[in-house]
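Below is run_18.txt, holding compact mmCIF, C-alpha atoms (C1' of nucleotides).
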```txt
# COMPACT_ATOMS: atom_id res chain seq x y z
CA MET Z 1 122.95 109.71 80.91
CA ASN Z 2 119.42 108.32 81.05
CA ASN Z 3 118.54 105.43 78.83
CA ALA Z 4 114.88 104.62 78.47
CA LEU Z 5 113.50 101.93 80.69
CA SER Z 6 112.27 98.79 79.01
CA VAL Z 7 108.75 97.57 79.51
CA GLU Z 8 109.89 94.40 81.28
CA PHE Z 9 112.21 96.30 83.54
CA ILE Z 10 109.47 98.71 84.54
CA GLN Z 11 107.29 95.74 85.38
CA GLN Z 12 109.94 94.05 87.48
CA ALA Z 13 111.12 97.22 89.14
CA SER Z 14 107.63 98.30 90.10
CA ASP Z 15 107.07 94.87 91.62
CA VAL Z 16 110.09 95.40 93.83
CA ILE Z 17 109.30 99.03 94.60
CA LYS Z 18 105.77 98.09 95.58
CA VAL Z 19 107.14 95.99 98.41
CA LEU Z 20 108.98 99.02 99.78
CA GLY Z 21 105.86 101.14 99.60
CA HIS Z 22 104.78 99.97 103.00
CA PRO Z 23 106.01 101.55 106.25
CA GLN Z 24 106.72 98.33 108.12
CA ARG Z 25 108.50 96.67 105.23
CA LEU Z 26 110.53 99.79 104.56
CA LYS Z 27 111.43 99.85 108.23
CA ILE Z 28 112.61 96.25 108.01
CA ILE Z 29 114.81 97.10 105.06
CA GLU Z 30 116.32 99.99 106.93
CA TYR Z 31 116.87 97.78 109.97
CA LEU Z 32 118.70 95.26 107.81
CA GLU Z 33 120.84 97.82 106.06
CA LYS Z 34 123.96 97.42 108.16
CA GLU Z 35 123.73 93.79 109.17
CA GLU Z 36 121.58 90.69 109.17
CA LYS Z 37 118.94 90.27 111.89
CA SER Z 38 116.94 87.34 113.20
CA VAL Z 39 113.18 87.15 112.82
CA SER Z 40 112.67 87.77 116.54
CA GLN Z 41 114.88 90.85 116.43
CA ILE Z 42 112.87 92.18 113.51
CA GLN Z 43 109.62 91.30 115.21
CA GLU Z 44 110.62 93.24 118.32
CA HIS Z 45 111.89 96.15 116.30
CA LEU Z 46 108.53 96.51 114.57
CA SER Z 47 106.37 95.52 117.53
CA VAL Z 48 104.30 93.12 115.50
CA SER Z 49 103.23 89.52 115.97
CA GLN Z 50 105.56 86.69 115.02
CA PRO Z 51 103.46 85.46 112.10
CA LEU Z 52 103.20 88.96 110.68
CA ALA Z 53 106.95 89.51 110.84
CA SER Z 54 107.47 86.14 109.22
CA GLN Z 55 104.96 86.99 106.55
CA TYR Z 56 106.65 90.28 105.72
CA LEU Z 57 109.94 88.45 105.36
CA ARG Z 58 108.52 85.66 103.26
CA HIS Z 59 106.92 88.27 101.05
CA MET Z 60 110.19 90.13 100.60
CA HIS Z 61 112.08 86.92 100.11
CA SER Z 62 109.76 85.82 97.33
CA ARG Z 63 110.58 89.07 95.53
CA GLY Z 64 114.30 88.58 95.95
CA ILE Z 65 114.60 91.55 98.26
CA VAL Z 66 115.94 89.69 101.26
CA LYS Z 67 117.77 86.41 101.73
CA TYR Z 68 118.36 84.33 104.83
CA ARG Z 69 120.85 82.13 106.56
CA GLN Z 70 119.74 79.47 109.00
CA GLU Z 71 121.57 78.66 112.22
CA GLY Z 72 119.74 76.13 114.36
CA THR Z 73 116.20 77.37 114.69
CA THR Z 74 117.23 80.94 114.07
CA TYR Z 75 116.92 82.58 110.67
CA PHE Z 76 119.08 85.57 109.91
CA TYR Z 77 117.69 87.79 107.20
CA SER Z 78 119.64 90.30 105.16
CA ILE Z 79 119.23 92.45 102.08
CA ALA Z 80 119.65 90.46 98.90
CA SER Z 81 119.95 93.07 96.21
CA GLU Z 82 122.14 96.06 95.46
CA PHE Z 83 119.11 97.84 94.09
CA ILE Z 84 117.54 97.83 97.55
CA HIS Z 85 120.64 99.35 99.05
CA LYS Z 86 120.56 102.07 96.40
CA ILE Z 87 116.93 102.89 97.00
CA LEU Z 88 117.59 103.08 100.71
CA ASP Z 89 120.48 105.46 100.12
CA CYS Z 90 118.16 107.53 98.02
CA VAL Z 91 115.50 107.66 100.73
CA SER Z 92 118.10 108.49 103.34
CA GLU Z 93 119.57 111.26 101.22
CA CYS Z 94 116.09 112.59 100.66
CA GLN Z 95 115.39 112.75 104.39
CA GLN Z 96 118.57 114.74 104.87
CA LYS Z 97 117.66 117.19 102.12
CA VAL Z 98 114.17 117.56 103.51
CA GLU Z 99 115.51 118.15 107.01
CA SER Z 100 117.92 120.75 105.74
CA GLY Z 101 115.04 122.48 103.97
CA GLU Z 102 116.61 122.00 100.56
CA TRP Z 103 113.87 119.71 99.26
CA GLU Z 104 110.31 118.84 99.97
CA LEU Z 105 109.40 115.19 100.00
CA ALA Z 106 106.06 115.99 98.47
CA MET Z 107 104.65 119.31 97.43
CA PHE Z 108 101.05 119.10 98.57
CA GLY Z 109 99.31 117.03 101.16
CA THR Z 110 95.90 117.66 99.61
CA GLU Z 111 93.30 114.85 99.82
CA MET A 1 127.00 108.63 105.96
CA ASN A 2 123.65 107.10 106.78
CA ASN A 3 121.53 108.72 109.44
CA ALA A 4 118.61 106.71 110.73
CA LEU A 5 115.26 107.37 109.16
CA SER A 6 112.61 108.85 111.41
CA VAL A 7 109.28 107.14 111.88
CA GLU A 8 107.39 109.99 110.23
CA PHE A 9 109.73 110.08 107.29
CA ILE A 10 109.39 106.35 106.74
CA GLN A 11 105.64 106.79 106.74
CA GLN A 12 105.70 109.64 104.25
CA ALA A 13 108.34 108.10 102.05
CA SER A 14 106.56 104.75 101.84
CA ASP A 15 103.39 106.60 100.84
CA VAL A 16 105.24 108.15 97.95
CA ILE A 17 107.12 104.99 97.02
CA LYS A 18 103.88 103.04 97.00
CA VAL A 19 102.62 105.17 94.15
CA LEU A 20 105.67 104.21 92.09
CA GLY A 21 105.12 100.54 92.78
CA HIS A 22 102.76 100.26 89.87
CA PRO A 23 103.93 99.70 86.28
CA GLN A 24 101.68 102.28 84.64
CA ARG A 25 102.36 104.99 87.17
CA LEU A 26 106.08 104.32 87.04
CA LYS A 27 105.85 104.56 83.28
CA ILE A 28 104.13 107.93 83.57
CA ILE A 29 106.90 109.18 85.84
CA GLU A 30 109.52 108.05 83.39
CA TYR A 31 107.59 109.69 80.55
CA LEU A 32 107.52 112.95 82.47
CA GLU A 33 111.16 112.84 83.40
CA LYS A 34 112.46 115.14 80.68
CA GLU A 35 109.50 117.42 80.13
CA GLU A 36 105.88 118.07 80.94
CA LYS A 37 103.19 116.23 78.97
CA SER A 38 99.48 116.72 78.46
CA VAL A 39 96.93 114.22 79.71
CA SER A 40 96.16 113.06 76.19
CA GLN A 41 99.85 112.49 75.46
CA ILE A 42 100.14 110.42 78.62
CA GLN A 43 96.97 108.57 77.79
CA GLU A 44 98.27 107.62 74.38
CA HIS A 45 101.66 106.68 75.73
CA LEU A 46 100.08 104.21 78.14
CA SER A 47 97.24 103.08 75.89
CA VAL A 48 94.66 103.51 78.58
CA SER A 49 91.27 105.23 78.72
CA GLN A 50 91.04 108.94 79.41
CA PRO A 51 89.45 108.55 82.85
CA LEU A 52 92.10 106.06 83.90
CA ALA A 53 94.94 108.34 82.86
CA SER A 54 93.27 111.20 84.66
CA GLN A 55 92.84 109.06 87.74
CA TYR A 56 96.50 108.07 87.78
CA LEU A 57 97.45 111.72 87.57
CA ARG A 58 95.03 112.85 90.21
CA HIS A 59 96.35 110.11 92.45
CA MET A 60 99.95 111.19 91.91
CA HIS A 61 99.03 114.82 92.29
CA SER A 62 97.36 114.20 95.63
CA ARG A 63 100.65 112.70 96.86
CA GLY A 64 102.65 115.65 95.62
CA ILE A 65 104.44 113.56 93.02
CA VAL A 66 103.29 115.51 90.00
CA LYS A 67 102.07 119.04 89.47
CA TYR A 68 100.24 120.62 86.53
CA ARG A 69 99.94 123.76 84.54
CA GLN A 70 96.75 124.58 82.70
CA GLU A 71 96.62 126.11 79.25
CA GLY A 72 93.12 126.39 77.86
CA THR A 73 91.56 122.98 78.25
CA THR A 74 94.91 121.30 78.20
CA TYR A 75 96.67 120.24 81.38
CA PHE A 76 100.41 119.77 81.32
CA TYR A 77 101.70 117.51 84.04
CA SER A 78 105.26 117.33 85.30
CA ILE A 79 107.25 115.84 88.14
CA ALA A 80 106.86 117.86 91.33
CA SER A 81 109.55 116.49 93.58
CA GLU A 82 113.30 116.06 93.48
CA PHE A 83 112.88 112.81 95.34
CA ILE A 84 111.02 111.35 92.38
CA HIS A 85 113.80 112.34 90.03
CA LYS A 86 116.30 110.66 92.33
CA ILE A 87 114.33 107.45 92.54
CA LEU A 88 114.01 107.41 88.79
CA ASP A 89 117.77 107.88 88.41
CA CYS A 90 118.20 105.00 90.77
CA VAL A 91 115.89 102.74 88.78
CA SER A 92 117.56 103.75 85.56
CA GLU A 93 121.01 103.07 86.97
CA CYS A 94 119.78 99.73 88.19
CA GLN A 95 118.55 98.75 84.74
CA GLN A 96 121.96 99.58 83.31
CA LYS A 97 123.75 97.53 85.94
CA VAL A 98 121.38 94.64 85.38
CA GLU A 99 121.84 94.82 81.62
CA SER A 100 125.59 94.85 82.00
CA GLY A 101 125.34 91.78 84.21
CA GLU A 102 126.83 93.57 87.18
CA TRP A 103 123.70 93.35 89.33
CA GLU A 104 120.56 91.33 89.58
CA LEU A 105 117.35 93.24 90.16
CA ALA A 106 116.08 90.46 92.35
CA MET A 107 117.80 87.27 93.33
CA PHE A 108 114.99 84.74 93.08
CA GLY A 109 111.72 84.67 91.26
CA THR A 110 110.37 81.91 93.48
CA GLU A 111 106.61 81.87 94.26
C1' DA J 1 110.67 61.21 124.74
C1' DT J 2 108.86 65.61 126.02
C1' DT J 3 109.05 70.37 126.32
C1' DT J 4 110.66 74.67 124.77
C1' DT J 5 112.14 77.93 121.46
C1' DA J 6 112.22 80.01 116.89
C1' DT J 7 109.98 80.28 112.92
C1' DA J 8 106.88 78.93 109.05
C1' DT J 9 102.41 78.10 106.98
C1' DA J 10 97.35 78.21 106.28
C1' DA J 11 92.90 80.13 106.09
C1' DG J 12 89.90 83.77 106.22
C1' DA J 13 87.72 88.46 107.26
C1' DA J 14 88.25 93.29 106.57
C1' DA J 15 90.11 96.97 104.14
C1' DA J 16 92.26 99.01 100.23
C1' DT J 17 93.31 99.20 95.33
C1' DT J 18 92.27 98.93 90.59
C1' DA J 19 89.99 99.84 86.49
C1' DC J 20 85.64 100.35 84.34
C1' DT J 21 81.30 103.02 82.85
C1' DA J 22 78.79 106.96 82.96
C1' DT J 23 78.54 111.76 83.64
C1' DA J 24 80.07 116.51 84.58
C1' DT J 25 82.80 120.68 83.81
C1' DA J 26 85.19 124.11 81.46
C1' DT J 27 87.33 126.18 77.46
C1' DT J 28 87.36 127.10 72.61
C1' DG J 29 85.40 127.70 67.95
C1' DG J 30 81.60 128.53 64.95
C1' DC M 1 74.03 129.98 71.99
C1' DC M 2 75.64 125.35 70.37
C1' DA M 3 78.90 121.90 69.43
C1' DA M 4 83.40 120.00 70.05
C1' DT M 5 87.42 119.11 72.68
C1' DA M 6 90.14 118.13 76.82
C1' DT M 7 89.91 116.70 81.16
C1' DA M 8 87.82 115.79 85.76
C1' DT M 9 84.75 113.37 88.88
C1' DA M 10 81.52 109.81 90.70
C1' DG M 11 80.02 105.32 91.52
C1' DT M 12 81.05 100.62 91.65
C1' DA M 13 82.37 95.62 90.88
C1' DA M 14 86.32 92.76 90.95
C1' DT M 15 90.58 91.90 92.66
C1' DT M 16 94.40 92.33 95.77
C1' DT M 17 96.45 93.39 100.11
C1' DT M 18 96.71 93.28 104.90
C1' DC M 19 96.48 91.41 109.27
C1' DT M 20 94.61 88.14 112.43
C1' DT M 21 94.07 83.52 114.60
C1' DA M 22 95.19 78.95 114.63
C1' DT M 23 98.31 75.36 113.62
C1' DA M 24 102.58 73.08 111.97
C1' DT M 25 107.53 72.17 111.79
C1' DA M 26 112.08 71.63 113.22
C1' DA M 27 116.03 72.15 116.18
C1' DA M 28 117.64 72.30 120.99
C1' DA M 29 117.32 71.38 125.75
C1' DT M 30 115.85 68.68 129.65
```

As a first step, turn the structure in this file into structure tokens.
Amino acid sequence: MNNALSVEFIQQASDVIKVLGHPQRLKIIEYLEKEEKSVSQIQEHLSVSQPLASQYLRHMHSRGIVKYRQEGTTYFYSIASEFIHKILDCVSECQQKVESGEWELAMFGTE
Amino acid sequence: MNNALSVEFIQQASDVIKVLGHPQRLKIIEYLEKEEKSVSQIQEHLSVSQPLASQYLRHMHSRGIVKYRQEGTTYFYSIASEFIHKILDCVSECQQKVESGEWELAMFGTE
DNA sequence: ATTTTATATAAGAAAATTACTATATATTGG
DNA sequence: CCAATATATAGTAATTTTCTTATATAAAAT
């Protein structure tokens, strides 16, 4: 079932994964899961400054993780890749397993 | 099907995901997927120095991503969490979908 | 035309990450 | 006890990331 990952794919995938390895950006992705949101909605949801929200989104856009649609001065962002949806499912499933006591997210908190 | 992620879980999960957002560390995880490996095996597999390999592993161990078993002077590392296996499955599935043309890993490579 | 609203962009300081070199520890074999 | 092997740890320079402040753009409203 598991083919080996190619060197290039590992490089690309880790680039994408890296973006999700950040609480605020992961929160954005979760917020966008169901439907597109405007920058100001995202900004309020995170309680961050406008430029910082914009920067997060630009960052994720440059990696192909989100896309946007413009309507007047409003930009609606949404998830651009199936891979992101899958990862999010995975994280969500993990939370459920952890809550049910079936799994541990991480085994030790040492250091 | 999708419960909302809690703030604490997002924090913890992004901490773990962050570790995978690095080509060499992701490669280690993939290398460990089937079975445990010694530090020197991992070192050779990555073509990095001994201290660097050890540092990667210590880093991943501190996050509960890998665990080890000692036998003499040899340390055998393996994946410590189900979550990591799941993420790896997800990445592997993604590569297959990308190769088959069904998905794109990322939509734009701009910037 | 001017103001307001929504967002983007730029520049830089502070903090974190990365990878290197040098050294330490601990187990095994002679 | 001494050397060799396998791995860990410490210290650090270079790079990257993160977040802030200030400014720009562009559409809409007055």

Problem set entry | Test item: chain A residues at most 9 Å from chain J, counting all atoms listed in the file, as a PyMOL selection string | chain A and resi 52+72-73

Just the selected residues (C-alpha atoms), exported as a PDB file, keeping the file's coordinate frame, please.
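File part_31.pdb, as written:
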```pdb
ATOM      1  CA  LEU A  52      92.100 106.060  83.900  1.00  0.00           C
ATOM      2  CA  GLY A  72      93.120 126.390  77.860  1.00  0.00           C
ATOM      3  CA  THR A  73      91.560 122.980  78.250  1.00  0.00           C
TER       4      THR A  73
END
```

Seminar exercise, completed: Computed gap from CA of Leu88 (chain A) to CA of Leu105 (chain A) is 14.6 Å

For this session: Show me which bits of chain M are within 12 Å of chain A, counting only C-alpha atoms (C1' of nucleotides), as a PyMOL selection string.
Result: chain M and resi 4-10

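Minimum atom-to-atom distance to chain A, evaluated using only C-alpha atoms, belongs to Z:Lys18 out of Z:Ile29, Z:Leu57, Z:Lys18, Z:Glu102.
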
Within 9 Å of chain A: each chain Z residue with its shortest pair, only C-alpha atoms, as CSV:
```
residue,atom,partner,partner_atom,distance
Z:Asn2,CA,A:Ser92,CA,6.7
Z:Asn3,CA,A:Ser92,CA,7.0
Z:Ala4,CA,A:Ser92,CA,7.6
Z:Leu5,CA,A:Ser92,CA,6.6
Z:Ser6,CA,A:Gln95,CA,8.5
Z:Val7,CA,A:Lys27,CA,8.5
Z:Phe9,CA,A:Gln95,CA,6.9
Z:Ile10,CA,A:Pro23,CA,5.9
Z:Gln11,CA,A:Pro23,CA,5.3
Z:Gln12,CA,A:Leu105,CA,7.9
Z:Ala13,CA,A:Val91,CA,7.3
Z:Ser14,CA,A:Gly21,CA,4.3
Z:Asp15,CA,A:Gly21,CA,6.1
Z:Val16,CA,A:Gly21,CA,7.2
Z:Ile17,CA,A:Gly21,CA,4.8
Z:Lys18,CA,A:Gly21,CA,3.8
Z:Val19,CA,A:Gly21,CA,7.5
Z:Leu20,CA,A:Ser14,CA,6.6
Z:Gly21,CA,A:Lys18,CA,3.8
Z:His22,CA,A:Ser14,CA,5.2
Z:Pro23,CA,A:Gln11,CA,5.3
Z:Gln24,CA,A:Ile10,CA,8.6
Z:Arg25,CA,A:Ser14,CA,9.0
Z:Leu26,CA,A:Ser14,CA,6.9
Z:Lys27,CA,A:Ile10,CA,7.0
Z:Glu30,CA,A:Leu5,CA,7.8
Z:His61,CA,A:Phe108,CA,7.9
Z:Ser62,CA,A:Thr110,CA,5.5
Z:Arg63,CA,A:Gly109,CA,6.2
Z:Gly64,CA,A:Ala106,CA,4.4
Z:Ile65,CA,A:Ala106,CA,6.2
Z:Val66,CA,A:Met107,CA,8.5
Z:Lys67,CA,A:Met107,CA,8.4
Z:Ala80,CA,A:Met107,CA,6.7
Z:Ser81,CA,A:Ala106,CA,6.1
Z:Glu82,CA,A:Trp103,CA,6.9
Z:Phe83,CA,A:Cys94,CA,6.2
Z:Ile84,CA,A:Leu105,CA,8.7
Z:Lys86,CA,A:Cys90,CA,6.8
Z:Ile87,CA,A:Cys90,CA,6.7
Z:Asp89,CA,A:Asn2,CA,7.6
Z:Cys90,CA,A:Ile87,CA,6.7
Z:Val91,CA,A:Ala13,CA,7.3
Z:Ser92,CA,A:Leu5,CA,6.6
Z:Glu93,CA,A:Asn2,CA,8.1
Z:Cys94,CA,A:Phe83,CA,6.2
Z:Gln95,CA,A:Phe9,CA,6.9
Z:Gln96,CA,A:Asn3,CA,8.1
Z:Trp103,CA,A:Glu82,CA,6.9
Z:Glu104,CA,A:Ser81,CA,6.9
Z:Leu105,CA,A:Phe83,CA,6.3
Z:Ala106,CA,A:Gly64,CA,4.5
Z:Met107,CA,A:Gly64,CA,4.5
Z:Phe108,CA,A:Gly64,CA,4.8
Z:Gly109,CA,A:Arg63,CA,6.2
Z:Thr110,CA,A:Ser62,CA,5.5
Z:Glu111,CA,A:Ser62,CA,5.9
```

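Picture a line from CA of Arg69 (chain A) to C1' of DA3 (chain M); it runs 26.0 Å.
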
For this session: Could you please determine the separation between CA of Tyr68 (chain Z) and CA of Glu44 (chain Z) in Å, to one decimal place?
Result: 17.9 Å
